[in-house]
$ cat upload-v5.pdb   # PDB, C-alpha atoms
ATOM      1  CA  MET A 933     -82.527 -25.047 162.391
ATOM      2  CA  LYS A 934     -84.904 -27.067 164.584
ATOM      3  CA  ILE A 935     -88.533 -26.072 164.749
ATOM      4  CA  LYS A 936     -89.659 -24.937 168.201
ATOM      5  CA  LEU A 937     -92.820 -25.627 170.146
ATOM      6  CA  ALA A 938     -95.131 -22.640 169.724
ATOM      7  CA  HIS A 939     -97.313 -23.489 172.738
ATOM      8  CA  SER A 940     -96.464 -22.078 176.147
ATOM      9  CA  PHE A 941     -96.528 -23.348 179.715
ATOM     10  CA  GLU A 942     -99.825 -21.487 180.170
ATOM     11  CA  ASP A 943    -101.361 -23.463 177.292
ATOM     12  CA  ILE A 944    -100.501 -26.755 179.007
ATOM     13  CA  ILE A 945    -101.722 -25.830 182.491
ATOM     14  CA  SER A 946    -104.809 -23.833 181.483
ATOM     15  CA  ILE A 947    -108.106 -24.861 183.064
ATOM     16  CA  GLU A 948    -109.512 -25.421 179.563
ATOM     17  CA  ASN A 949    -106.708 -27.811 178.585
ATOM     18  CA  ILE A 950    -106.934 -29.715 181.871
ATOM     19  CA  LEU A 951    -110.723 -30.090 181.460
ATOM     20  CA  GLU A 952    -110.272 -31.396 177.905
ATOM     21  CA  ALA A 953    -107.561 -33.741 179.166
ATOM     22  CA  TRP A 954    -109.996 -34.991 181.846
ATOM     23  CA  LYS A 955    -112.542 -35.951 179.178
ATOM     24  CA  GLU A 956    -109.894 -37.987 177.368
ATOM     25  CA  PHE A 957    -108.539 -39.499 180.575
ATOM     26  CA  LEU A 958    -112.033 -40.551 181.726
ATOM     27  CA  ARG A 959    -112.701 -42.865 178.785
ATOM     28  CA  GLY A 960    -113.028 -46.432 180.032
ATOM     29  CA  LYS A 961    -112.206 -45.464 183.627
ATOM     30  CA  ARG A 962    -115.511 -44.112 184.973
ATOM     31  CA  HIS A 963    -116.142 -47.083 187.268
ATOM     32  CA  ARG A 964    -112.723 -47.145 188.942
ATOM     33  CA  ARG A 965    -112.780 -46.112 192.566
ATOM     34  CA  ASP A 966    -109.822 -43.712 192.480
ATOM     35  CA  VAL A 967    -111.290 -41.971 189.419
ATOM     36  CA  GLN A 968    -114.723 -41.671 191.056
ATOM     37  CA  GLU A 969    -113.148 -40.209 194.196
ATOM     38  CA  PHE A 970    -111.305 -37.583 192.150
ATOM     39  CA  GLN A 971    -114.432 -36.811 190.141
ATOM     40  CA  PHE A 972    -116.540 -36.287 193.272
ATOM     41  CA  ASN A 973    -114.709 -32.969 193.848
ATOM     42  CA  LEU A 974    -113.598 -32.531 190.243
ATOM     43  CA  MET A 975    -113.451 -28.740 189.931
ATOM     44  CA  ASP A 976    -111.824 -28.299 193.346
ATOM     45  CA  ASN A 977    -109.190 -30.895 192.394
ATOM     46  CA  ILE A 978    -108.542 -29.299 188.996
ATOM     47  CA  LEU A 979    -108.309 -25.803 190.472
ATOM     48  CA  GLU A 980    -105.886 -27.045 193.132
ATOM     49  CA  LEU A 981    -103.742 -28.736 190.469
ATOM     50  CA  HIS A 982    -103.808 -25.569 188.355
ATOM     51  CA  ARG A 983    -102.817 -23.424 191.341
ATOM     52  CA  ASP A 984     -99.887 -25.705 192.224
ATOM     53  CA  LEU A 985     -98.676 -25.575 188.621
ATOM     54  CA  VAL A 986     -98.973 -21.774 188.404
ATOM     55  CA  ASN A 987     -97.061 -21.370 191.690
ATOM     56  CA  HIS A 988     -94.477 -24.048 190.777
ATOM     57  CA  THR A 989     -95.369 -25.913 193.968
ATOM     58  CA  TYR A 990     -96.567 -29.001 192.075
ATOM     59  CA  LYS A 991     -94.819 -32.218 193.070
ATOM     60  CA  HIS A 992     -95.406 -35.496 191.290
ATOM     61  CA  GLY A 993     -96.655 -38.203 193.637
ATOM     62  CA  ASN A 994     -95.502 -41.769 194.175
ATOM     63  CA  TYR A 995     -96.369 -44.765 192.019
ATOM     64  CA  GLU A 996     -98.275 -47.952 192.706
ATOM     65  CA  ALA A 997     -96.287 -50.884 191.331
ATOM     66  CA  PHE A 998     -97.713 -54.163 190.027
ATOM     67  CA  ASN A 999     -96.706 -56.905 187.603
ATOM     68  CA  ILE A1000     -98.359 -58.165 184.442
ATOM     69  CA  CYS A1001     -97.485 -60.830 181.862
ATOM     70  CA  ASP A1002     -97.994 -59.496 178.324
ATOM     71  CA  PRO A1003     -96.561 -61.979 177.328
ATOM     72  CA  LYS A1004     -93.324 -61.570 179.281
ATOM     73  CA  PRO A1005     -93.361 -60.267 182.880
ATOM     74  CA  ARG A1006     -93.474 -56.467 183.058
ATOM     75  CA  ASN A1007     -93.339 -54.154 186.036
ATOM     76  CA  ILE A1008     -96.011 -51.445 185.669
ATOM     77  CA  HIS A1009     -96.024 -48.253 187.726
ATOM     78  CA  LYS A1010     -99.340 -46.448 188.103
ATOM     79  CA  ALA A1011     -99.448 -42.787 189.128
ATOM     80  CA  SER A1012    -102.298 -41.102 191.018
ATOM     81  CA  VAL A1013    -105.343 -39.798 189.137
ATOM     82  CA  ARG A1014    -104.142 -36.219 189.682
ATOM     83  CA  ASP A1015    -100.740 -36.966 188.131
ATOM     84  CA  ARG A1016    -102.194 -39.011 185.274
ATOM     85  CA  LEU A1017    -104.553 -36.138 184.478
ATOM     86  CA  LEU A1018    -101.534 -33.855 184.190
ATOM     87  CA  HIS A1019     -99.827 -36.423 181.932
ATOM     88  CA  HIS A1020    -102.833 -36.199 179.594
ATOM     89  CA  ALA A1021    -102.724 -32.389 179.652
ATOM     90  CA  ILE A1022     -99.021 -32.424 178.743
ATOM     91  CA  TYR A1023     -99.514 -35.087 176.067
ATOM     92  CA  LYS A1024    -102.428 -33.196 174.520
ATOM     93  CA  ILE A1025    -100.174 -30.198 173.753
ATOM     94  CA  LEU A1026     -96.846 -31.898 173.055
ATOM     95  CA  TYR A1027     -97.860 -34.933 170.987
ATOM     96  CA  PRO A1028     -99.115 -33.078 167.856
ATOM     97  CA  PHE A1029     -95.903 -31.045 167.742
ATOM     98  CA  PHE A1030     -93.455 -33.912 168.193
ATOM     99  CA  ASP A1031     -95.377 -36.290 165.944
ATOM    100  CA  ARG A1032     -94.536 -33.990 163.007
ATOM    101  CA  ILE A1033     -90.791 -34.498 163.506
ATOM    102  CA  PHE A1034     -90.901 -38.305 163.733
ATOM    103  CA  ILE A1035     -90.030 -40.397 160.682
ATOM    104  CA  SER A1036     -92.909 -42.118 158.911
ATOM    105  CA  ASP A1037     -91.529 -45.595 159.663
ATOM    106  CA  SER A1038     -91.754 -45.243 163.449
ATOM    107  CA  PHE A1039     -95.026 -46.997 164.347
ATOM    108  CA  SER A1040     -95.359 -47.332 168.115
ATOM    109  CA  CYS A1041     -97.837 -45.215 170.153
ATOM    110  CA  ARG A1042     -98.761 -42.889 167.295
ATOM    111  CA  LEU A1043    -102.110 -41.963 165.774
ATOM    112  CA  ASN A1044    -102.831 -43.727 162.479
ATOM    113  CA  LYS A1045     -99.845 -46.031 162.983
ATOM    114  CA  GLY A1046     -99.656 -49.167 165.165
ATOM    115  CA  ALA A1047     -98.530 -52.779 164.816
ATOM    116  CA  HIS A1048    -100.738 -53.732 161.864
ATOM    117  CA  LYS A1049     -99.486 -50.822 159.754
ATOM    118  CA  ALA A1050     -95.917 -51.687 160.734
ATOM    119  CA  LEU A1051     -96.488 -55.251 159.523
ATOM    120  CA  ASN A1052     -97.956 -54.006 156.248
ATOM    121  CA  ARG A1053     -94.962 -51.713 155.797
ATOM    122  CA  PHE A1054     -92.693 -54.698 156.501
ATOM    123  CA  ARG A1055     -94.445 -56.664 153.739
ATOM    124  CA  TYR A1056     -94.142 -53.721 151.343
ATOM    125  CA  PHE A1057     -90.391 -53.375 152.021
ATOM    126  CA  ALA A1058     -89.908 -57.146 151.706
ATOM    127  CA  ARG A1059     -91.506 -57.194 148.265
ATOM    128  CA  LYS A1060     -89.432 -54.208 147.197
ATOM    129  CA  VAL A1061     -86.105 -55.601 148.419
ATOM    130  CA  SER A1062     -86.809 -59.098 147.057
ATOM    131  CA  ARG A1063     -88.133 -57.632 143.782
ATOM    132  CA  ASN A1064     -91.415 -59.495 144.154
ATOM    133  CA  ASN A1065     -89.779 -62.565 145.669
ATOM    134  CA  THR A1066     -87.266 -63.069 142.846
ATOM    135  CA  ARG A1067     -84.231 -62.348 145.059
ATOM    136  CA  THR A1068     -83.187 -63.241 148.577
ATOM    137  CA  CYS A1069     -84.342 -60.716 151.171
ATOM    138  CA  TRP A1070     -82.184 -60.555 154.312
ATOM    139  CA  ILE A1071     -83.464 -58.997 157.513
ATOM    140  CA  LEU A1072     -81.531 -57.627 160.466
ATOM    141  CA  LYS A1073     -83.706 -57.664 163.587
ATOM    142  CA  CYS A1074     -82.577 -56.012 166.826
ATOM    143  CA  ASP A1075     -83.944 -55.331 170.273
ATOM    144  CA  ILE A1076     -82.766 -52.863 172.932
ATOM    145  CA  ARG A1077     -82.002 -54.296 176.348
ATOM    146  CA  LYS A1078     -84.399 -53.160 179.119
ATOM    147  CA  PHE A1079     -85.493 -50.196 177.053
ATOM    148  CA  PHE A1080     -87.772 -48.191 179.384
ATOM    149  CA  ALA A1081     -85.620 -49.002 182.414
ATOM    150  CA  ASN A1082     -82.514 -47.507 180.759
ATOM    151  CA  ILE A1083     -83.779 -44.178 179.416
ATOM    152  CA  ASN A1084     -81.314 -41.530 180.634
ATOM    153  CA  HIS A1085     -83.163 -38.496 182.061
ATOM    154  CA  ALA A1086     -80.397 -36.000 181.291
ATOM    155  CA  ILE A1087     -80.160 -37.106 177.661
ATOM    156  CA  LEU A1088     -83.947 -37.081 177.265
ATOM    157  CA  LEU A1089     -84.309 -33.577 178.697
ATOM    158  CA  LYS A1090     -81.419 -32.305 176.576
ATOM    159  CA  ILE A1091     -83.150 -33.610 173.435
ATOM    160  CA  ILE A1092     -86.472 -32.069 174.497
ATOM    161  CA  SER A1093     -84.809 -28.740 175.332
ATOM    162  CA  GLY A1094     -83.657 -28.530 171.729
ATOM    163  CA  TYR A1095     -87.305 -28.159 170.714
ATOM    164  CA  ILE A1096     -88.784 -26.257 173.669
ATOM    165  CA  SER A1097     -87.611 -22.762 174.672
ATOM    166  CA  ASP A1098     -90.101 -22.140 177.490
ATOM    167  CA  GLU A1099     -88.213 -22.786 180.739
ATOM    168  CA  ASN A1100     -91.454 -23.335 182.636
ATOM    169  CA  VAL A1101     -92.384 -26.198 180.316
ATOM    170  CA  ILE A1102     -88.930 -27.701 180.877
ATOM    171  CA  TRP A1103     -89.418 -27.347 184.643
ATOM    172  CA  LEU A1104     -92.699 -29.253 184.396
ATOM    173  CA  LEU A1105     -91.225 -32.016 182.228
ATOM    174  CA  LYS A1106     -88.290 -32.367 184.616
ATOM    175  CA  GLU A1107     -90.783 -32.897 187.436
ATOM    176  CA  VAL A1108     -92.585 -35.641 185.503
ATOM    177  CA  VAL A1109     -89.448 -37.348 184.152
ATOM    178  CA  GLY A1110     -87.694 -37.143 187.530
ATOM    179  CA  SER A1111     -90.661 -38.669 189.383
ATOM    180  CA  PHE A1112     -89.384 -42.167 188.628
ATOM    181  CA  ASN A1113     -86.155 -44.113 188.402
ATOM    182  CA  SER A1114     -85.536 -47.790 187.780
ATOM    183  CA  GLY A1115     -83.044 -48.341 190.584
ATOM    184  CA  ARG A1116     -80.335 -46.020 189.293
ATOM    185  CA  LEU A1117     -80.619 -42.298 189.905
ATOM    186  CA  ASP A1118     -82.041 -40.353 186.937
ATOM    187  CA  ILE A1119     -82.453 -43.480 184.807
ATOM    188  CA  GLY A1120     -85.674 -45.096 183.596
ATOM    189  CA  LEU A1121     -89.253 -44.243 182.687
ATOM    190  CA  PRO A1122     -92.389 -45.928 184.088
ATOM    191  CA  LEU A1123     -94.287 -48.174 181.699
ATOM    192  CA  GLY A1124     -97.635 -46.939 183.046
ATOM    193  CA  ASN A1125     -97.340 -43.234 182.101
ATOM    194  CA  LEU A1126     -98.930 -41.850 178.940
ATOM    195  CA  THR A1127     -96.076 -39.343 178.764
ATOM    196  CA  SER A1128     -93.543 -42.203 178.725
ATOM    197  CA  GLN A1129     -94.888 -43.338 175.346
ATOM    198  CA  LEU A1130     -94.189 -39.897 173.915
ATOM    199  CA  PHE A1131     -90.848 -39.473 175.683
ATOM    200  CA  VAL A1132     -89.391 -42.731 174.332
ATOM    201  CA  ASN A1133     -90.395 -41.767 170.785
ATOM    202  CA  ILE A1134     -88.687 -38.390 171.239
ATOM    203  CA  TYR A1135     -85.640 -40.204 172.638
ATOM    204  CA  MET A1136     -85.489 -42.748 169.813
ATOM    205  CA  ASN A1137     -86.204 -40.170 167.115
ATOM    206  CA  LYS A1138     -82.552 -39.184 167.443
ATOM    207  CA  PHE A1139     -81.627 -42.780 166.570
ATOM    208  CA  ASP A1140     -84.177 -42.852 163.719
ATOM    209  CA  GLN A1141     -82.586 -39.718 162.227
ATOM    210  CA  PHE A1142     -79.132 -41.329 162.519
ATOM    211  CA  ILE A1143     -80.387 -44.411 160.684
ATOM    212  CA  LYS A1144     -82.042 -42.412 157.904
ATOM    213  CA  HIS A1145     -79.619 -39.524 157.410
ATOM    214  CA  LYS A1146     -76.197 -40.752 158.571
ATOM    215  CA  LEU A1147     -76.345 -44.411 157.609
ATOM    216  CA  LYS A1148     -78.839 -43.606 154.820
ATOM    217  CA  ILE A1149     -80.843 -46.771 155.394
ATOM    218  CA  ARG A1150     -84.079 -46.821 153.429
ATOM    219  CA  HIS A1151     -85.794 -50.041 154.486
ATOM    220  CA  TYR A1152     -85.985 -49.523 158.249
ATOM    221  CA  ILE A1153     -88.981 -49.994 160.578
ATOM    222  CA  ARG A1154     -89.084 -49.325 164.317
ATOM    223  CA  TYR A1155     -91.798 -50.252 166.787
ATOM    224  CA  CYS A1156     -90.818 -49.069 170.284
ATOM    225  CA  ASP A1157     -87.479 -50.831 170.961
ATOM    226  CA  ASP A1158     -87.800 -53.446 168.194
ATOM    227  CA  PHE A1159     -86.448 -52.544 164.789
ATOM    228  CA  VAL A1160     -85.733 -54.281 161.486
ATOM    229  CA  ILE A1161     -83.624 -53.402 158.453
ATOM    230  CA  LEU A1162     -84.157 -55.185 155.136
ATOM    231  CA  SER A1163     -81.529 -55.619 152.409
ATOM    232  CA  GLU A1164     -80.330 -57.877 149.598
ATOM    233  CA  ASP A1165     -76.842 -57.794 151.166
ATOM    234  CA  ARG A1166     -76.294 -60.010 154.207
ATOM    235  CA  LEU A1167     -72.685 -58.891 154.745
ATOM    236  CA  TRP A1168     -73.716 -55.216 154.842
ATOM    237  CA  LEU A1169     -76.394 -55.963 157.462
ATOM    238  CA  GLU A1170     -73.825 -57.762 159.612
ATOM    239  CA  GLN A1171     -71.400 -54.836 159.272
ATOM    240  CA  ILE A1172     -73.867 -52.129 160.345
ATOM    241  CA  VAL A1173     -74.599 -53.817 163.691
ATOM    242  CA  GLN A1174     -71.406 -52.328 165.166
ATOM    243  CA  PRO A1175     -72.046 -48.640 164.250
ATOM    244  CA  ILE A1176     -75.680 -49.012 165.352
ATOM    245  CA  GLY A1177     -74.612 -50.441 168.709
ATOM    246  CA  GLU A1178     -71.942 -47.772 169.178
ATOM    247  CA  TYR A1179     -74.367 -44.941 168.410
ATOM    248  CA  LEU A1180     -76.966 -46.255 170.854
ATOM    249  CA  LYS A1181     -74.313 -46.603 173.572
ATOM    250  CA  GLN A1182     -72.528 -43.282 173.050
ATOM    251  CA  GLU A1183     -75.450 -41.001 172.221
ATOM    252  CA  LEU A1184     -78.396 -42.568 174.079
ATOM    253  CA  ASP A1185     -76.785 -44.721 176.796
ATOM    254  CA  LEU A1186     -78.645 -47.786 175.482
ATOM    255  CA  ARG A1187     -77.411 -51.291 174.611
ATOM    256  CA  LEU A1188     -78.517 -53.791 171.990
ATOM    257  CA  HIS A1189     -79.678 -57.063 173.498
ATOM    258  CA  PRO A1190     -76.858 -59.466 172.406
ATOM    259  CA  GLN A1191     -79.213 -62.483 172.353
ATOM    260  CA  LYS A1192     -81.755 -60.669 170.175
ATOM    261  CA  ILE A1193     -79.671 -59.677 167.162
ATOM    262  CA  PHE A1194     -80.557 -61.805 164.139
ATOM    263  CA  VAL A1195     -79.789 -61.744 160.425
ATOM    264  CA  LYS A1196     -82.191 -64.103 158.632
ATOM    265  CA  THR A1197     -83.745 -64.632 155.241
ATOM    266  CA  LEU A1198     -87.402 -63.777 154.867
ATOM    267  CA  SER A1199     -88.038 -67.241 153.405
ATOM    268  CA  SER A1200     -86.922 -68.836 156.707
ATOM    269  CA  GLY A1201     -89.542 -66.814 158.616
ATOM    270  CA  VAL A1202     -88.891 -63.626 160.573
ATOM    271  CA  ASP A1203     -90.586 -63.117 163.943
ATOM    272  CA  PHE A1204     -91.692 -59.481 164.153
ATOM    273  CA  LEU A1205     -94.455 -57.950 166.280
ATOM    274  CA  GLY A1206     -96.034 -61.258 167.256
ATOM    275  CA  TRP A1207     -96.175 -62.702 163.736
ATOM    276  CA  VAL A1208     -93.781 -64.939 161.817
ATOM    277  CA  ASN A1209     -93.426 -63.273 158.421
ATOM    278  CA  PHE A1210     -92.756 -65.143 155.160
ATOM    279  CA  PRO A1211     -92.533 -63.863 151.553
ATOM    280  CA  ASP A1212     -96.213 -64.454 150.733
ATOM    281  CA  HIS A1213     -97.943 -64.846 154.110
ATOM    282  CA  ARG A1214     -97.616 -64.436 157.855
ATOM    283  CA  ILE A1215     -98.631 -66.757 160.672
ATOM    284  CA  LEU A1216     -99.216 -66.137 164.349
ATOM    285  CA  ARG A1217     -96.301 -66.862 166.685
ATOM    286  CA  THR A1218     -96.896 -70.205 168.457
ATOM    287  CA  SER A1219     -96.570 -68.684 171.941
ATOM    288  CA  THR A1220     -99.081 -65.958 171.002
ATOM    289  CA  LYS A1221    -101.514 -68.599 169.725
ATOM    290  CA  ARG A1222    -101.259 -70.622 172.947
ATOM    291  CA  ARG A1223    -101.708 -67.533 175.105
ATOM    292  CA  MET A1224    -104.750 -66.455 173.087
ATOM    293  CA  LEU A1225    -106.475 -69.841 173.417
ATOM    294  CA  LYS A1226    -105.687 -69.956 177.147
ATOM    295  CA  ARG A1227    -107.272 -66.534 177.715
ATOM    296  CA  ILE A1228    -110.382 -67.544 175.771
ATOM    297  CA  ARG A1229    -110.725 -70.712 177.843
ATOM    298  CA  GLU A1230    -110.381 -68.688 181.054
ATOM    299  CA  ASN A1231    -112.628 -65.827 179.950
ATOM    300  CA  PRO A1232    -114.814 -66.834 176.972
ATOM    301  CA  ARG A1233    -116.709 -63.548 176.645
ATOM    302  CA  THR A1234    -118.063 -62.587 173.234
ATOM    303  CA  GLU A1235    -116.166 -59.255 173.340
ATOM    304  CA  THR A1236    -112.851 -61.030 173.959
ATOM    305  CA  ILE A1237    -113.447 -63.547 171.187
ATOM    306  CA  ASN A1238    -114.475 -60.876 168.673
ATOM    307  CA  SER A1239    -111.383 -58.784 169.427
ATOM    308  CA  TYR A1240    -109.132 -61.795 168.793
ATOM    309  CA  LEU A1241    -110.990 -62.645 165.574
ATOM    310  CA  GLY A1242    -110.366 -59.064 164.435
ATOM    311  CA  LEU A1243    -106.641 -59.439 165.151
ATOM    312  CA  LEU A1244    -106.472 -62.744 163.290
ATOM    313  CA  LYS A1245    -107.753 -61.200 160.055
ATOM    314  CA  HIS A1246    -104.280 -59.771 159.515
ATOM    315  CA  GLY A1247    -102.617 -63.127 158.781
ATOM    316  CA  ASN A1248    -103.014 -66.721 157.653
ATOM    317  CA  THR A1249    -104.988 -67.995 160.621
ATOM    318  CA  TYR A1250    -107.807 -70.148 159.231
ATOM    319  CA  LYS A1251    -107.334 -73.053 161.657
ATOM    320  CA  ILE A1252    -107.165 -70.991 164.843
ATOM    321  CA  ARG A1253    -110.102 -68.826 163.720
ATOM    322  CA  GLU A1254    -112.103 -71.996 163.243
ATOM    323  CA  ILE A1255    -111.222 -73.169 166.772
ATOM    324  CA  ILE A1256    -112.189 -69.789 168.258
ATOM    325  CA  THR A1257    -115.428 -69.565 166.242
ATOM    326  CA  ASN A1258    -116.438 -73.047 167.436
ATOM    327  CA  THR A1259    -115.752 -71.927 171.011
ATOM    328  CA  ASN A1260    -117.937 -68.864 170.428
ATOM    329  CA  ASN A1261    -120.788 -71.001 169.098
ATOM    330  CA  LEU A1262    -120.773 -73.014 172.328
ATOM    331  CA  LEU A1263    -121.402 -69.939 174.495
TER     332      LEU A1263
END

$ encode --input "upload-v5.pdb" --output "structure tokens"
Amino acid sequence: MKIKLAHSFEDIISIENILEAWKEFLRGKRHRRDVQEFQFNLMDNILELHRDLVNHTYKHGNYEAFNICDPKPRNIHKASVRDRLLHHAIYKILYPFFDRIFISDSFSCRLNKGAHKALNRFRYFARKVSRNNTRTCWILKCDIRKFFANINHAILLKIISGYISDENVIWLLKEVVGSFNSGRLDIGLPLGNLTSQLFVNIYMNKFDQFIKHKLKIRHYIRYCDDFVILSEDRLWLEQIVQPIGEYLKQELDLRLHPQKIFVKTLSSGVDFLGWVNFPDHRILRTSTKRRMLKRIRENPRTETINSYLGLLKHGNTYKIREIITNTNNLL
């Protein structure tokens, strides 16, 4: 039997929860004009939002769309301050509950997880599978095609409804999920929403459970829509691609990216989460290195340089750290 969310709709929309969500939302955004405008009449705006939620007259607003390159082009959709505040209020209640049901080897958008811990877990699995580099370690690496743009609203809400009995909470989540589509009706989540990070983990948790409990795969790591499986057996890795692809298609309406399915040896170097991983070291991806140096040349602030130096501590990066440090000394 599935565990159920103990919190109610009233817990999410309470003035106290919205005020706490505002404090979290405000971090790093105090000087933005739209945030300052909302803050000027903060209590009136919060009370109005609360009233609309209580009366079920709340309607999610439109999004502001813009593009970024990080590193590939991405279309970001930014909601209003009022809607983003509600996203934080929802996230504040739902995240702790759902985080308990996620597998330990899902690393994206979770507290005490992240890319660096995923890479360390990758190294741990690689040593285990290769028996301390005495055997060949094969790695299946896959990517889901247009992941956020293909999340099916009906499937997502059905999964969520399995954990939440309160119909008012479901009404609210339907309003948030249904506020966006990627060109097809009831398909897609916006990259800019905090709730989207949680929703995709809930969505993919069903896949994670299939991997762990149906296919009984032990050495599996997922970070958002990228995942790897490590094994001594190349043929077995090649054979499981079909059931994985079929499950994603039939149960989650998702497709593996056909050009991003690889089975490689660890010794040949496996590109995962921005690093090329080898049995005894990892190096920064060439494109990441070039992008990093370009950004430093364009914006050589001490804060930017120090953040990159912190990132580079996680791999074999002596030469590029030397270049960046020399740049810093010239400031």

$ atom_distance --input "upload-v5.pdb" --atom1 "CA of Phe970 in chain A" --atom2 "CA of Leu985 in chain A"
17.8 Å

$ resolve_selection --input "upload-v5.pdb" --expression "the PyMOL selection byres ((chain A and resi 1063-1068) around 7)" --output "VMD selection string"
chain A and resid 1059 to 1062 1069 to 1070 1164 1197 1211

$ write_last_selection --input "upload-v5.pdb" --atoms "C-alpha atoms" --output "PDB file, keeping the file's coordinate frame"
ATOM      1  CA  ARG A1059     -91.506 -57.194 148.265  1.00  0.00           C
ATOM      2  CA  LYS A1060     -89.432 -54.208 147.197  1.00  0.00           C
ATOM      3  CA  VAL A1061     -86.105 -55.601 148.419  1.00  0.00           C
ATOM      4  CA  SER A1062     -86.809 -59.098 147.057  1.00  0.00           C
ATOM      5  CA  CYS A1069     -84.342 -60.716 151.171  1.00  0.00           C
ATOM      6  CA  TRP A1070     -82.184 -60.555 154.312  1.00  0.00           C
ATOM      7  CA  GLU A1164     -80.330 -57.877 149.598  1.00  0.00           C
ATOM      8  CA  THR A1197     -83.745 -64.632 155.241  1.00  0.00           C
ATOM      9  CA  PRO A1211     -92.533 -63.863 151.553  1.00  0.00           C
TER      10      PRO A1211
END

$ axis_aligned_box --input "upload-v5.pdb" --around "range 1172-1180 of chain A" --padding-each-side "8 Å" --output "lines of an AutoDock Vina configuration file"
center_x = -74.2
center_y = -49.4
center_z = 165.6
size_x = 21.6
size_y = 24.9
size_z = 26.5

$ resolve_selection --input "upload-v5.pdb" --expression "the PyMOL selection byres ((chain A and resi 1050) around 9)" --output "NGL selection string"
:A and (1037-1040 or 1045-1049 or 1051-1055 or 1153-1155 or 1205)

$ resolve_selection --input "upload-v5.pdb" --expression "the PyMOL selection byres ((chain A and resi 1087-1090) around 8)" --output "list in words"
Ile1083, Asn1084, His1085, Ala1086, Ile1091, Ile1092, Ser1093, Gly1094, Ile1102, Leu1105, Lys1106, Phe1131, Ile1134, Tyr1135 and Leu1184 of chain A

$ residues_around --input "upload-v5.pdb" --residues "Ser1128 in chain A" --least-positions-apart "3" --cutoff "12 Å" --atoms "all atoms listed in the file" --output "number ranges by chain"
A: 1008-1011, 1016, 1019-1020, 1022-1023, 1027, 1040-1041, 1079-1081, 1083, 1085, 1088, 1105, 1108-1112, 1120-1125, 1131-1135, 1156

$ closest_residue --input "upload-v5.pdb" --among "A:Ile1096, A:His963, A:Lys1073, A:Asn1113" --to "Leu1169 in chain A" --atoms "only C-alpha atoms"
A:Lys1073

$ atom_distance --input "upload-v5.pdb" --atom1 "CA of Leu1072 in chain A" --atom2 "CA of Ser1163 in chain A"
8.3 Å

$ atom_distance --input "upload-v5.pdb" --atom1 "CA of Glu1107 in chain A" --atom2 "CA of Lys1181 in chain A"
25.5 Å

$ closest_residue --input "upload-v5.pdb" --among "A:Leu1104, A:Ile1143, A:Leu1130, A:Ala1058" --to "Asn1209 in chain A" --atoms "all atoms listed in the file"
A:Ala1058

$ closest_residue --input "upload-v5.pdb" --among "A:Lys1024, A:Lys934, A:Lys991, A:Arg964" --to "Glu948 in chain A" --atoms "all atoms listed in the file"
A:Lys1024

$ residues_around --input "upload-v5.pdb" --residues "range 1172-1175 of chain A" --least-positions-apart "3" --cutoff "9 Å" --atoms "only C-alpha atoms" --output "PDB file with C-alpha atoms, in the coordinates of the input"
ATOM      1  CA  LEU A1072     -81.531 -57.627 160.466  1.00  0.00           C
ATOM      2  CA  CYS A1074     -82.577 -56.012 166.826  1.00  0.00           C
ATOM      3  CA  LEU A1147     -76.345 -44.411 157.609  1.00  0.00           C
ATOM      4  CA  LEU A1167     -72.685 -58.891 154.745  1.00  0.00           C
ATOM      5  CA  TRP A1168     -73.716 -55.216 154.842  1.00  0.00           C
ATOM      6  CA  LEU A1169     -76.394 -55.963 157.462  1.00  0.00           C
ATOM      7  CA  GLU A1178     -71.942 -47.772 169.178  1.00  0.00           C
ATOM      8  CA  TYR A1179     -74.367 -44.941 168.410  1.00  0.00           C
ATOM      9  CA  LEU A1180     -76.966 -46.255 170.854  1.00  0.00           C
ATOM     10  CA  ILE A1193     -79.671 -59.677 167.162  1.00  0.00           C
TER      11      ILE A1193
END

$ residues_around --input "upload-v5.pdb" --residues "Phe941 in chain A" --least-positions-apart "2" --cutoff "8 Å" --atoms "all atoms listed in the file" --output "PyMOL selection string"
chain A and resi 939+943-945+1098+1100-1101

$ write_last_selection --input "upload-v5.pdb" --atoms "C-alpha atoms" --output "short mmCIF file (atom, residue, chain, number, x, y, z; two decimals), in the frame of the given file"
data_model
loop_
_atom_site.label_atom_id
_atom_site.label_comp_id
_atom_site.auth_asym_id
_atom_site.auth_seq_id
_atom_site.Cartn_x
_atom_site.Cartn_y
_atom_site.Cartn_z
CA HIS A 939 -97.31 -23.49 172.74
CA ASP A 943 -101.36 -23.46 177.29
CA ILE A 944 -100.50 -26.76 179.01
CA ILE A 945 -101.72 -25.83 182.49
CA ASP A 1098 -90.10 -22.14 177.49
CA ASN A 1100 -91.45 -23.34 182.64
CA VAL A 1101 -92.38 -26.20 180.32
#

$ closest_residue --input "upload-v5.pdb" --among "A:Leu1017, A:Asp1075, A:His982, A:Gly993" --to "Val967 in chain A" --atoms "all atoms listed in the file"
A:Leu1017

$ residues_around --input "upload-v5.pdb" --residues "Val1013 in chain A" --least-positions-apart "4" --cutoff "12 Å" --atoms "only C-alpha atoms" --output "PyMOL selection string"
chain A and resi 953-954+957-958+961-962+964-971+974+977-978+981+992-996+1017-1020+1125

$ closest_residue --input "upload-v5.pdb" --among "A:Arg1032, A:Lys1138, A:Arg1227, A:Lys1221" --to "Ile935 in chain A" --atoms "all atoms listed in the file"
A:Arg1032
